[in-house]
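Here's protein.txt, which has compact mmCIF, C-alpha atoms:
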```txt
# COMPACT_ATOMS: atom_id res chain seq x y z
CA MET A 1 10.78 32.75 -51.05
CA THR A 2 14.39 32.36 -52.11
CA ALA A 3 17.13 33.36 -49.70
CA ALA A 4 20.79 33.74 -50.61
CA LEU A 5 23.65 33.54 -48.13
CA ARG A 6 25.41 36.88 -47.77
CA GLY A 7 27.51 36.41 -44.67
CA ARG A 8 28.48 34.11 -41.88
CA ARG A 9 29.83 34.81 -38.41
CA HIS A 10 31.21 32.01 -36.28
CA GLU A 11 29.81 32.56 -32.80
CA THR A 12 31.29 29.53 -31.02
CA PRO A 13 33.17 26.44 -32.22
CA THR A 14 29.80 24.84 -33.06
CA ALA A 15 27.44 27.71 -33.86
CA ALA A 16 27.38 30.24 -36.66
CA THR A 17 25.17 33.15 -37.60
CA LEU A 18 24.05 33.08 -41.23
CA VAL A 19 23.11 36.32 -42.89
CA PHE A 20 20.55 35.96 -45.65
CA GLU A 21 19.28 38.24 -48.33
CA VAL A 22 15.63 37.43 -48.84
CA GLY A 23 13.64 38.44 -51.89
CA ALA A 24 10.46 39.81 -50.36
CA TRP A 25 10.80 39.42 -46.60
CA PRO A 26 7.51 40.56 -45.07
CA GLY A 27 9.08 41.41 -41.69
CA HIS A 28 8.85 39.49 -38.45
CA ARG A 29 8.32 39.72 -34.71
CA ALA A 30 11.14 39.03 -32.30
CA GLY A 31 11.04 35.37 -31.26
CA GLN A 32 9.59 33.94 -34.46
CA HIS A 33 11.22 31.27 -36.60
CA VAL A 34 11.54 30.27 -40.24
CA ASP A 35 11.46 27.02 -42.15
CA LEU A 36 14.32 26.30 -44.52
CA ARG A 37 14.00 23.92 -47.42
CA LEU A 38 17.20 22.68 -49.03
CA THR A 39 17.05 20.98 -52.40
CA ALA A 40 19.87 18.79 -53.69
CA GLU A 41 20.62 18.67 -57.40
CA ASP A 42 18.69 15.44 -57.81
CA GLY A 43 15.61 16.95 -56.22
CA TYR A 44 16.06 15.47 -52.75
CA GLN A 45 14.78 17.91 -50.16
CA ALA A 46 15.20 18.44 -46.45
CA GLU A 47 13.33 20.95 -44.28
CA ARG A 48 14.22 22.34 -40.87
CA SER A 49 13.06 25.14 -38.59
CA TYR A 50 15.43 27.76 -37.14
CA SER A 51 14.87 30.72 -34.85
CA ILE A 52 15.44 34.20 -36.20
CA ALA A 53 18.30 35.95 -34.41
CA SER A 54 17.98 39.40 -35.97
CA ALA A 55 15.67 42.10 -34.69
CA PRO A 56 12.78 43.18 -36.90
CA GLU A 57 14.61 46.49 -37.24
CA GLN A 58 17.68 44.91 -38.88
CA GLU A 59 17.95 44.94 -42.62
CA ALA A 60 19.21 41.42 -43.22
CA LEU A 61 17.68 38.27 -41.87
CA GLU A 62 20.01 36.41 -39.53
CA LEU A 63 19.71 32.88 -38.23
CA THR A 64 22.07 31.38 -35.69
CA VAL A 65 22.48 27.66 -36.18
CA GLU A 66 24.12 25.13 -33.89
CA ARG A 67 25.91 22.32 -35.67
CA LEU A 68 24.47 19.00 -34.54
CA GLU A 69 27.04 16.23 -34.72
CA ASP A 70 24.70 13.87 -36.46
CA GLY A 71 22.70 16.54 -38.27
CA GLU A 72 21.64 16.41 -41.88
CA VAL A 73 21.20 20.14 -42.44
CA SER A 74 23.05 22.05 -39.71
CA PRO A 75 26.60 20.91 -40.69
CA TYR A 76 25.94 22.14 -44.23
CA LEU A 77 24.69 25.53 -43.01
CA VAL A 78 27.45 26.06 -40.46
CA ASP A 79 30.41 24.75 -42.49
CA SER A 80 29.72 24.25 -46.18
CA MET A 81 27.21 26.75 -47.52
CA ARG A 82 28.97 29.45 -49.55
CA TYR A 83 28.07 33.06 -50.15
CA GLY A 84 25.54 33.26 -52.94
CA ASP A 85 24.19 29.75 -52.36
CA GLU A 86 20.43 29.69 -52.24
CA LEU A 87 17.70 27.90 -50.37
CA GLU A 88 13.99 28.26 -49.95
CA LEU A 89 12.83 30.10 -46.87
CA ARG A 90 9.36 30.23 -45.42
CA GLY A 91 8.11 32.47 -42.65
CA PRO A 92 7.98 34.14 -40.30
CA ILE A 93 6.20 31.49 -38.26
CA GLY A 94 4.75 31.39 -34.76
CA ASP A 95 2.70 34.12 -33.13
CA TRP A 96 3.00 32.68 -29.62
CA PHE A 97 6.70 32.75 -28.82
CA ALA A 98 7.04 36.38 -29.87
CA TRP A 99 7.46 39.67 -28.06
CA ASP A 100 6.82 43.29 -29.04
CA ALA A 101 8.66 46.08 -27.23
CA GLY A 102 6.04 48.70 -27.98
CA GLY A 103 3.12 46.93 -26.42
CA THR A 104 4.20 46.62 -22.83
CA SER A 105 6.08 47.96 -19.84
CA ARG A 106 5.78 44.61 -18.08
CA PRO A 107 9.17 43.15 -17.10
CA LEU A 108 10.66 40.71 -19.58
CA LEU A 109 12.32 37.59 -18.21
CA LEU A 110 14.27 35.50 -20.71
CA VAL A 111 15.71 32.10 -19.86
CA GLY A 112 17.84 30.38 -22.48
CA GLY A 113 19.86 27.19 -22.61
CA GLY A 114 22.55 26.73 -25.26
CA SER A 115 21.32 27.88 -28.65
CA GLY A 116 17.95 28.54 -27.00
CA VAL A 117 19.35 32.02 -26.53
CA VAL A 118 18.82 32.76 -30.25
CA PRO A 119 15.15 33.88 -30.29
CA LEU A 120 15.74 35.65 -26.95
CA MET A 121 18.57 37.62 -28.56
CA ALA A 122 16.14 38.79 -31.23
CA MET A 123 13.95 40.13 -28.41
CA LEU A 124 16.86 41.92 -26.73
CA ARG A 125 18.02 43.44 -30.02
CA HIS A 126 14.46 44.53 -30.71
CA ARG A 127 14.17 46.02 -27.23
CA ALA A 128 17.41 47.95 -27.70
CA ALA A 129 16.39 49.19 -31.15
CA GLN A 130 13.05 50.40 -29.83
CA ARG A 131 14.51 51.79 -26.61
CA GLY A 132 11.89 49.66 -24.90
CA ARG A 133 10.78 50.75 -21.46
CA ALA A 134 10.27 47.26 -20.11
CA PRO A 135 13.05 46.15 -17.77
CA ALA A 136 14.59 42.93 -19.04
CA ARG A 137 16.69 40.13 -17.61
CA LEU A 138 18.34 37.24 -19.38
CA LEU A 139 19.50 34.10 -17.63
CA VAL A 140 21.56 32.11 -20.08
CA SER A 141 23.14 28.73 -19.51
CA ALA A 142 26.18 27.54 -21.47
CA ARG A 143 28.61 24.73 -20.89
CA THR A 144 31.75 26.89 -20.86
CA ARG A 145 32.69 30.45 -21.71
CA GLY A 146 33.58 29.35 -25.23
CA ASP A 147 30.10 27.96 -25.76
CA LEU A 148 28.27 31.17 -24.93
CA ILE A 149 26.72 32.53 -28.11
CA TYR A 150 26.69 36.35 -28.49
CA ALA A 151 29.00 36.74 -25.47
CA GLU A 152 30.44 40.11 -26.52
CA GLU A 153 27.16 41.62 -27.62
CA LEU A 154 25.40 40.48 -24.46
CA ARG A 155 28.09 42.08 -22.34
CA SER A 156 27.79 45.36 -24.18
CA LEU A 157 23.98 45.31 -24.00
CA ALA A 158 24.24 44.73 -20.27
CA ALA A 159 26.70 47.59 -19.90
CA ALA A 160 24.21 50.11 -21.25
CA PRO A 161 22.18 51.71 -18.46
CA ASP A 162 18.81 50.90 -19.97
CA GLY A 163 17.36 48.35 -17.58
CA PHE A 164 18.78 45.14 -19.03
CA GLU A 165 20.54 42.74 -16.69
CA LEU A 166 22.52 39.68 -17.75
CA PHE A 167 22.97 36.51 -15.71
CA VAL A 168 25.15 33.69 -16.98
CA THR A 169 25.70 30.21 -15.66
CA PHE A 170 28.51 27.98 -16.93
CA THR A 171 27.51 24.41 -16.24
CA ARG A 172 31.01 23.00 -16.74
CA GLY A 173 32.73 25.69 -14.77
CA GLY A 174 33.50 29.31 -15.47
CA PRO A 175 36.82 30.96 -16.32
CA SER A 176 39.11 31.51 -13.35
CA GLY A 177 37.77 34.18 -11.07
CA TRP A 178 34.28 33.85 -12.52
CA PRO A 179 31.92 35.26 -9.91
CA GLY A 180 28.69 33.95 -11.43
CA TYR A 181 26.80 30.70 -11.39
CA THR A 182 28.50 27.42 -12.28
CA ARG A 183 25.66 24.92 -12.15
CA ARG A 184 22.61 23.84 -14.09
CA ILE A 185 19.65 26.14 -13.65
CA ASP A 186 17.46 25.37 -10.68
CA ARG A 187 14.67 26.89 -8.67
CA GLU A 188 16.98 28.79 -6.36
CA MET A 189 18.77 30.43 -9.29
CA LEU A 190 15.52 31.35 -11.00
CA GLY A 191 14.23 32.75 -7.72
CA GLU A 192 17.28 35.00 -7.50
CA VAL A 193 17.10 36.14 -11.09
CA SER A 194 13.38 36.60 -11.64
CA TRP A 195 11.13 39.36 -10.48
CA PRO A 196 8.60 38.42 -7.82
CA PRO A 197 5.44 36.97 -9.40
CA PRO A 198 3.29 40.00 -8.47
CA ARG A 199 5.36 42.02 -10.98
CA GLU A 200 3.84 39.73 -13.61
CA PRO A 201 6.85 39.43 -15.89
CA ASP A 202 6.42 38.06 -19.39
CA VAL A 203 8.57 34.96 -19.40
CA PHE A 204 10.14 33.26 -22.41
CA VAL A 205 12.06 30.02 -21.95
CA CYS A 206 13.93 28.35 -24.81
CA GLY A 207 16.38 25.48 -24.89
CA PRO A 208 16.66 21.72 -24.90
CA THR A 209 13.69 19.87 -23.49
CA ALA A 210 15.17 19.00 -20.09
CA PHE A 211 16.29 22.59 -19.63
CA VAL A 212 12.88 23.99 -20.49
CA GLU A 213 11.08 21.45 -18.29
CA THR A 214 13.27 22.36 -15.32
CA ALA A 215 12.97 26.10 -15.85
CA ALA A 216 9.23 26.14 -16.50
CA ASP A 217 8.47 23.86 -13.53
CA ALA A 218 10.60 26.01 -11.26
CA LEU A 219 9.00 29.24 -12.42
CA VAL A 220 5.51 27.85 -11.85
CA GLY A 221 6.67 26.54 -8.46
CA LEU A 222 7.88 30.05 -7.59
CA GLY A 223 4.38 31.33 -8.23
CA HIS A 224 4.51 32.62 -11.80
CA ASP A 225 1.30 32.33 -13.79
CA PRO A 226 1.73 29.34 -16.15
CA GLY A 227 -0.18 31.31 -18.76
CA ARG A 228 2.61 33.88 -18.85
CA VAL A 229 5.45 31.38 -19.20
CA ARG A 230 5.99 30.78 -22.91
CA THR A 231 8.27 27.97 -23.91
CA GLU A 232 10.02 26.72 -26.99
CA ARG A 233 11.88 23.43 -26.93
CA PHE A 234 14.20 21.68 -29.30
CA GLY A 235 16.13 18.51 -29.49
CA PRO A 236 15.05 14.94 -29.14
CA THR A 237 14.51 13.19 -25.89
CA GLY A 238 14.01 9.54 -25.19
CA PHE A 239 11.80 8.01 -22.59
CA ALA A 240 14.76 6.72 -20.63
CA MET B 1 9.89 26.02 -57.62
CA SER B 2 12.57 25.60 -54.99
CA PRO B 3 16.07 26.76 -55.86
CA ILE B 4 18.83 24.15 -55.93
CA THR B 5 21.00 24.50 -52.87
CA ARG B 6 24.51 24.13 -54.22
CA GLY B 7 26.66 21.71 -52.28
CA PHE B 8 23.81 20.21 -50.31
CA PHE B 9 23.46 16.46 -50.65
CA GLY B 10 21.48 15.46 -47.61
CA ARG B 11 20.96 12.06 -46.22
CA ARG B 12 18.71 9.88 -48.34
CA ARG B 13 16.17 7.92 -46.44
CA GLY B 14 16.16 4.18 -46.85
CA PRO B 15 13.62 2.85 -49.32
CA GLU B 16 11.94 0.89 -46.52
CA HIS B 17 10.61 4.12 -45.05
CA ALA B 18 10.22 6.34 -48.08
CA ASP B 19 6.51 5.72 -48.47
CA ARG B 20 5.83 6.33 -44.79
CA LEU B 21 7.31 9.82 -44.50
CA PRO B 22 5.04 12.68 -45.59
CA PRO B 23 6.62 15.50 -47.63
CA GLY B 24 9.18 17.57 -45.73
CA GLN B 25 9.44 15.16 -42.81
CA TYR B 26 12.54 13.40 -41.51
CA LEU B 27 12.85 10.27 -39.48
CA GLU B 28 13.37 10.76 -35.74
CA ARG B 29 14.41 7.99 -33.39
CA GLY B 30 14.04 9.89 -30.12
CA PHE B 31 10.81 11.50 -29.07
CA PRO B 32 11.05 15.28 -29.14
CA VAL B 33 8.88 17.31 -26.82
CA LEU B 34 7.08 20.41 -27.98
CA SER B 35 4.66 22.49 -26.02
CA ALA B 36 3.86 26.13 -25.54
CA GLY B 37 4.19 26.36 -21.78
CA PRO B 38 5.02 24.59 -18.54
CA THR B 39 4.03 20.95 -18.06
CA PRO B 40 0.84 20.75 -15.96
CA ARG B 41 0.68 18.09 -13.24
CA THR B 42 -2.86 17.11 -12.29
CA PRO B 43 -3.16 14.37 -9.65
CA LEU B 44 -5.21 11.41 -10.84
CA GLU B 45 -7.73 11.90 -7.99
CA ALA B 46 -8.56 15.30 -9.45
CA TRP B 47 -8.48 14.20 -13.10
CA THR B 48 -11.68 13.87 -15.10
CA PHE B 49 -12.49 13.50 -18.77
CA ARG B 50 -15.55 15.39 -19.98
CA LEU B 51 -17.73 15.35 -23.05
CA THR B 52 -19.48 18.69 -23.12
CA GLY B 53 -21.08 21.27 -25.43
CA ALA B 54 -23.48 20.04 -28.11
CA VAL B 55 -23.93 16.58 -26.65
CA GLU B 56 -26.80 14.96 -24.80
CA PRO B 57 -26.24 14.22 -22.01
CA GLU B 58 -22.91 15.72 -20.96
CA ARG B 59 -20.65 13.06 -19.48
CA THR B 60 -17.81 13.07 -16.99
CA TRP B 61 -15.48 10.14 -16.29
CA SER B 62 -13.18 9.96 -13.28
CA TRP B 63 -9.73 8.46 -13.88
CA GLU B 64 -10.96 5.16 -12.45
CA GLU B 65 -14.07 5.13 -14.64
CA PHE B 66 -12.06 6.16 -17.67
CA ARG B 67 -9.51 3.39 -17.12
CA ALA B 68 -12.36 0.87 -16.75
CA LEU B 69 -13.45 1.61 -20.34
CA PRO B 70 -12.30 -0.87 -22.97
CA SER B 71 -8.89 0.14 -24.26
CA GLU B 72 -6.86 -0.71 -27.34
CA THR B 73 -3.19 -0.96 -28.15
CA VAL B 74 -2.38 0.65 -31.49
CA THR B 75 0.85 1.05 -33.45
CA LYS B 76 1.01 4.29 -35.42
CA ASP B 77 3.38 6.59 -37.28
CA ILE B 78 3.31 10.13 -35.92
CA HIS B 79 4.25 13.36 -37.67
CA CYS B 80 5.13 16.65 -36.00
CA VAL B 81 4.77 19.94 -37.86
CA THR B 82 8.34 20.76 -36.78
CA LYS B 83 9.41 18.15 -39.36
CA TRP B 84 10.12 14.99 -37.40
CA SER B 85 8.22 11.77 -37.90
CA LYS B 86 8.45 8.72 -35.73
CA LEU B 87 7.40 5.33 -37.03
CA ASP B 88 5.70 2.46 -35.25
CA THR B 89 4.94 4.19 -31.97
CA VAL B 90 2.89 1.98 -29.65
CA TRP B 91 0.06 3.52 -27.67
CA GLU B 92 -2.59 2.31 -25.31
CA GLY B 93 -5.81 4.24 -25.02
CA VAL B 94 -9.57 4.47 -25.21
CA SER B 95 -11.01 4.95 -28.67
CA VAL B 96 -12.78 8.30 -29.02
CA ASP B 97 -15.58 6.29 -30.67
CA ALA B 98 -16.20 4.55 -27.34
CA LEU B 99 -16.57 7.93 -25.64
CA LEU B 100 -18.78 9.49 -28.29
CA ASP B 101 -20.99 6.38 -28.30
CA ALA B 102 -21.96 7.26 -24.73
CA VAL B 103 -23.74 10.43 -25.84
CA ASP B 104 -25.90 11.87 -28.59
CA VAL B 105 -23.57 14.09 -30.65
CA ARG B 106 -25.23 17.28 -31.94
CA GLY B 107 -22.41 19.14 -33.65
CA GLY B 108 -19.89 18.57 -36.41
CA TYR B 109 -16.70 19.62 -34.58
CA VAL B 110 -14.86 19.11 -31.36
CA SER B 111 -12.60 21.39 -29.42
CA ALA B 112 -10.22 19.39 -27.25
CA PHE B 113 -9.45 21.16 -23.99
CA CYS B 114 -6.51 20.52 -21.72
CA ASP B 115 -4.76 21.33 -18.48
CA GLY B 116 -2.74 24.46 -19.09
CA GLY B 117 -5.44 25.98 -21.29
CA TYR B 118 -4.38 24.43 -24.61
CA THR B 119 -7.12 23.76 -27.13
CA THR B 120 -7.22 22.27 -30.61
CA ASN B 121 -10.11 21.89 -33.02
CA LEU B 122 -11.06 18.88 -35.14
CA PRO B 123 -14.00 17.82 -37.28
CA ILE B 124 -15.93 14.93 -35.73
CA ALA B 125 -14.98 12.94 -38.82
CA ASP B 126 -11.30 13.15 -37.81
CA VAL B 127 -11.86 11.78 -34.31
CA SER B 128 -14.38 9.02 -35.09
CA GLY B 129 -14.33 5.85 -37.12
CA GLY B 130 -11.26 4.34 -35.45
CA LYS B 131 -9.01 7.36 -36.10
CA ALA B 132 -8.51 8.81 -32.62
CA TRP B 133 -7.82 7.74 -29.05
CA VAL B 134 -7.42 9.19 -25.60
CA ALA B 135 -4.05 7.59 -24.87
CA PHE B 136 -2.69 6.89 -21.40
CA GLY B 137 0.14 4.53 -22.27
CA TYR B 138 3.19 4.74 -24.50
CA GLY B 139 5.59 1.92 -25.25
CA GLY B 140 4.05 -0.22 -22.53
CA GLU B 141 4.51 2.43 -19.83
CA PRO B 142 2.22 5.08 -18.38
CA LEU B 143 2.41 8.20 -20.54
CA ALA B 144 5.03 10.57 -19.06
CA PRO B 145 3.92 14.09 -18.08
CA GLU B 146 6.18 15.83 -20.63
CA HIS B 147 4.59 13.75 -23.35
CA GLY B 148 1.08 14.61 -22.23
CA GLY B 149 0.41 12.24 -19.36
CA PRO B 150 -1.71 11.20 -17.67
CA ALA B 151 -3.62 11.22 -20.95
CA ARG B 152 -3.39 12.87 -24.32
CA LEU B 153 -5.44 12.83 -27.46
CA LEU B 154 -3.93 10.68 -30.21
CA VAL B 155 -4.94 11.58 -33.76
CA PRO B 156 -2.02 10.13 -35.70
CA HIS B 157 -3.27 10.88 -39.21
CA LEU B 158 -2.93 14.64 -38.55
CA TYR B 159 0.10 16.70 -37.47
CA PHE B 160 0.85 15.97 -33.86
CA TRP B 161 -0.26 19.32 -32.40
CA LYS B 162 -3.79 17.96 -32.93
CA SER B 163 -2.92 15.15 -30.50
CA ALA B 164 -3.46 17.46 -27.56
CA LYS B 165 -1.37 16.74 -24.47
CA TRP B 166 -2.94 16.71 -20.99
CA VAL B 167 -6.38 16.45 -22.54
CA ARG B 168 -9.31 16.77 -20.16
CA GLY B 169 -12.24 16.60 -22.49
CA LEU B 170 -13.91 17.33 -25.79
CA ARG B 171 -16.37 20.12 -26.31
CA VAL B 172 -18.65 19.40 -29.26
CA THR B 173 -19.46 22.50 -31.28
CA ALA B 174 -21.74 23.27 -34.20
CA ARG B 175 -19.04 25.36 -35.89
CA ASP B 176 -15.33 24.98 -36.32
CA GLU B 177 -13.60 27.04 -33.59
CA PRO B 178 -9.85 27.48 -34.13
CA GLY B 179 -7.73 26.28 -31.21
CA PHE B 180 -4.44 27.52 -29.80
CA TRP B 181 -1.97 26.89 -32.63
CA GLU B 182 -4.70 27.31 -35.21
CA ARG B 183 -5.13 30.89 -33.95
CA ASN B 184 -1.35 31.35 -33.88
CA GLY B 185 -0.59 30.83 -37.53
CA TYR B 186 -0.98 27.09 -38.06
CA HIS B 187 -3.29 25.24 -40.42
CA ASP B 188 -6.86 24.50 -39.40
CA ARG B 189 -6.81 20.80 -40.30
CA GLY B 190 -3.15 19.75 -40.48
CA ASP B 191 -2.99 16.80 -42.85
CA PRO B 192 0.73 15.90 -43.14
CA TRP B 193 0.28 14.17 -46.50
CA ARG B 194 -1.01 17.45 -47.96
CA GLU B 195 1.65 19.33 -46.00
CA GLU B 196 -0.98 21.51 -44.33
CA ARG B 197 1.45 23.14 -41.90
CA TYR B 198 0.51 26.77 -41.77
CA ARG B 199 -2.52 28.94 -42.34
CA GLY B 200 -2.95 29.30 -46.08
CA ASP B 201 -1.30 25.99 -47.04
```
Conversion result in structure tokens:
Amino acid sequence: MTAALRGRRHETPTAATLVFEVGAWPGHRAGQHVDLRLTAEDGYQAERSYSIASAPEQEALELTVERLEDGEVSPYLVDSMRYGDELELRGPIGDWFAWDAGGTSRPLLLVGGGSGVVPLMAMLRHRAAQRGRAPARLLVSARTRGDLIYAEELRSLAAAPDGFELFVTFTRGGPSGWPGYTRRIDREMLGEVSWPPPREPDVFVCGPTAFVETAADALVGLGHDPGRVRTERFGPTGFA
Amino acid sequence: MSPITRGFFGRRRGPEHADRLPPGQYLERGFPVLSAGPTPRTPLEAWTFRLTGAVEPERTWSWEEFRALPSETVTKDIHCVTKWSKLDTVWEGVSVDALLDAVDVRGGYVSAFCDGGYTTNLPIADVSGGKAWVAFGYGGEPLAPEHGGPARLLVPHLYFWKSAKWVRGLRVTARDEPGFWERNGYHDRGDPWREERYRGD
């Protein structure tokens, strides 16, 4: 289906939320992604996948995209695409890394690194829209305060007394007086943030590969059922 | 018909690779990792590879027995459904033909099963005739756990989710039984040259 750009919000110096108007969007589940196909005037095409940031309840479809320095598509989306410009959009895709507020009162544990917070934000927005009963916690890792996507919205979600708790770690140091974590995620941090395994939280982990490997290993090491730890990874990794 | 995306120029691929990239794929020089859950870590003493289901007799190889089977080094292009392709990857593994030759096969499909509970389904025709391996080496090194080690299926002519990581055996079935991603919205066969990404493609 064809999607036209209707708005853009710059979230951090390198990430922007793109608001699309989609012809016949069939609806989605929080956590799913879409494929974008961009076609140059000479017919050259490039395709990429991006997580959906908006809740199913929101009218417009929003994607938050991190600009990759060497990227072919992300610099265009973040910096150059103008309102009204069109691309082909396919989706929603992925029935595994998806969460429904209505179905469960099981605790929801979300662990995101960098722009891995995007599909987790869709889940939190969905939970808020549905007034979900499941308690939820988000542990998000960003390099610095300026790199934290959705910082304001996360703070206001956490301020509402509805069972959502926010934990942030700044891996390159927090602002002065920052009382929270200032290191890469590790087992100790996840042990402090997560519910005990007998509570059987549904766990979603998204981020760069090394981040997801560390988090998922630690969660399994803490005793969480590997079958309940859902992961989504992005970014290349070498063998080195 | 895709709309023209105004202002998008993209990065043309060099002509030397154009015929090796299936539609919608881009060239990747790293090796991205994709999996649905935590990385399982099975010690080699506890590792086995099994041929089970509609086979006679069922067979089980220990790691030592498996590694004593004749192995091959193959150089293949691989294509992930998430759009990256990587050319000329070098693998070492046991041909699935060598495993199937050890039994009488009585079904037309296999379901690969893995540590962590992952499964994927393939027609026998896609894993026989020199098209598939159980790979234990990559680039001259033992296969790393995050890439599916100690051993993964390698079926390079299909999208890479068919190359099941942490594979522990093949169950031969009379009927096609959709595996993990195949039940979660992805295509049943996954031929990258036909761009069979999702159910309905």
Note to self: Can you measure atom CA of B:Ala135 to atom CA of B:Val96 for me? One decimal in Å is fine.
What the structure shows: 9.7 Å
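The interatomic distance for the pair atom CA of B:Leu99 and atom CA of B:Leu154 works out to 13.7 Å.
If all atoms listed in the file are the atoms counted, then among B:Pro70, B:Asp115, B:Glu195, B:Pro23 the closest residue to B:Trp47 is B:Asp115.
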Check: Of the candidates B:Ala144, B:Val74, B:Leu100, B:Val155, which one gets nearest to chain A if we count all atoms listed in the file?
Finding: B:Ala144
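For the set A:Leu77, A:Ile93, A:Ala60, A:Ala142, the residue with the smallest atom-to-atom gap to A:His28 is A:Ile93, counting all atoms listed in the file.
When all atoms listed in the file are used to measure the gap to chain A, the shortest distance among B:Arg183, B:His157, B:Lys162, B:Arg67 belongs to B:Arg183.
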Could you give me stretch 133-152 of chain B completed to N, CA and C atoms, formatted as a PDB file, in the frame of the given file?
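Ended up saving to selection.pdb:
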```pdb
ATOM      1  N   TRP B 133      -7.787   8.381 -30.364  1.00  0.00           N
ATOM      2  CA  TRP B 133      -7.820   7.740 -29.050  1.00  0.00           C
ATOM      3  C   TRP B 133      -7.505   8.775 -27.974  1.00  0.00           C
ATOM      4  N   VAL B 134      -7.944   8.466 -26.752  1.00  0.00           N
ATOM      5  CA  VAL B 134      -7.420   9.190 -25.600  1.00  0.00           C
ATOM      6  C   VAL B 134      -6.405   8.232 -24.980  1.00  0.00           C
ATOM      7  N   ALA B 135      -5.126   8.539 -25.196  1.00  0.00           N
ATOM      8  CA  ALA B 135      -4.050   7.590 -24.870  1.00  0.00           C
ATOM      9  C   ALA B 135      -3.497   7.853 -23.481  1.00  0.00           C
ATOM     10  N   PHE B 136      -3.268   6.777 -22.741  1.00  0.00           N
ATOM     11  CA  PHE B 136      -2.690   6.890 -21.400  1.00  0.00           C
ATOM     12  C   PHE B 136      -1.421   6.056 -21.266  1.00  0.00           C
ATOM     13  N   GLY B 137      -1.073   5.333 -22.320  1.00  0.00           N
ATOM     14  CA  GLY B 137       0.140   4.530 -22.270  1.00  0.00           C
ATOM     15  C   GLY B 137       0.957   4.722 -23.523  1.00  0.00           C
ATOM     16  N   TYR B 138       2.290   4.661 -23.350  1.00  0.00           N
ATOM     17  CA  TYR B 138       3.190   4.740 -24.500  1.00  0.00           C
ATOM     18  C   TYR B 138       4.301   3.728 -24.314  1.00  0.00           C
ATOM     19  N   GLY B 139       4.513   2.897 -25.321  1.00  0.00           N
ATOM     20  CA  GLY B 139       5.590   1.920 -25.250  1.00  0.00           C
ATOM     21  C   GLY B 139       5.483   0.992 -24.057  1.00  0.00           C
ATOM     22  N   GLY B 140       4.250   0.708 -23.633  1.00  0.00           N
ATOM     23  CA  GLY B 140       4.050  -0.220 -22.530  1.00  0.00           C
ATOM     24  C   GLY B 140       4.175   0.408 -21.148  1.00  0.00           C
ATOM     25  N   GLU B 141       4.380   1.729 -21.110  1.00  0.00           N
ATOM     26  CA  GLU B 141       4.510   2.430 -19.830  1.00  0.00           C
ATOM     27  C   GLU B 141       3.426   3.495 -19.732  1.00  0.00           C
ATOM     28  N   PRO B 142       3.129   3.931 -18.495  1.00  0.00           N
ATOM     29  CA  PRO B 142       2.220   5.080 -18.380  1.00  0.00           C
ATOM     30  C   PRO B 142       2.804   6.269 -19.140  1.00  0.00           C
ATOM     31  N   LEU B 143       1.953   7.059 -19.745  1.00  0.00           N
ATOM     32  CA  LEU B 143       2.410   8.200 -20.540  1.00  0.00           C
ATOM     33  C   LEU B 143       3.045   9.247 -19.610  1.00  0.00           C
ATOM     34  N   ALA B 144       4.299   9.622 -19.912  1.00  0.00           N
ATOM     35  CA  ALA B 144       5.030  10.570 -19.060  1.00  0.00           C
ATOM     36  C   ALA B 144       4.426  11.967 -19.164  1.00  0.00           C
ATOM     37  N   PRO B 145       4.518  12.748 -18.070  1.00  0.00           N
ATOM     38  CA  PRO B 145       3.920  14.090 -18.080  1.00  0.00           C
ATOM     39  C   PRO B 145       4.408  14.953 -19.247  1.00  0.00           C
ATOM     40  N   GLU B 146       5.717  14.931 -19.564  1.00  0.00           N
ATOM     41  CA  GLU B 146       6.180  15.830 -20.630  1.00  0.00           C
ATOM     42  C   GLU B 146       5.662  15.407 -21.998  1.00  0.00           C
ATOM     43  N   HIS B 147       5.189  14.190 -22.096  1.00  0.00           N
ATOM     44  CA  HIS B 147       4.590  13.750 -23.350  1.00  0.00           C
ATOM     45  C   HIS B 147       3.067  13.780 -23.303  1.00  0.00           C
ATOM     46  N   GLY B 148       2.527  14.404 -22.258  1.00  0.00           N
ATOM     47  CA  GLY B 148       1.080  14.610 -22.230  1.00  0.00           C
ATOM     48  C   GLY B 148       0.339  13.828 -21.181  1.00  0.00           C
ATOM     49  N   GLY B 149       1.063  13.037 -20.370  1.00  0.00           N
ATOM     50  CA  GLY B 149       0.410  12.240 -19.360  1.00  0.00           C
ATOM     51  C   GLY B 149      -0.225  13.083 -18.270  1.00  0.00           C
ATOM     52  N   PRO B 150      -1.289  12.602 -17.636  1.00  0.00           N
ATOM     53  CA  PRO B 150      -1.710  11.200 -17.670  1.00  0.00           C
ATOM     54  C   PRO B 150      -2.379  10.745 -18.971  1.00  0.00           C
ATOM     55  N   ALA B 151      -2.968  11.662 -19.717  1.00  0.00           N
ATOM     56  CA  ALA B 151      -3.620  11.220 -20.950  1.00  0.00           C
ATOM     57  C   ALA B 151      -3.567  12.323 -21.995  1.00  0.00           C
ATOM     58  N   ARG B 152      -3.378  11.914 -23.239  1.00  0.00           N
ATOM     59  CA  ARG B 152      -3.390  12.870 -24.320  1.00  0.00           C
ATOM     60  C   ARG B 152      -4.277  12.338 -25.439  1.00  0.00           C
TER      61      ARG B 152
END
```
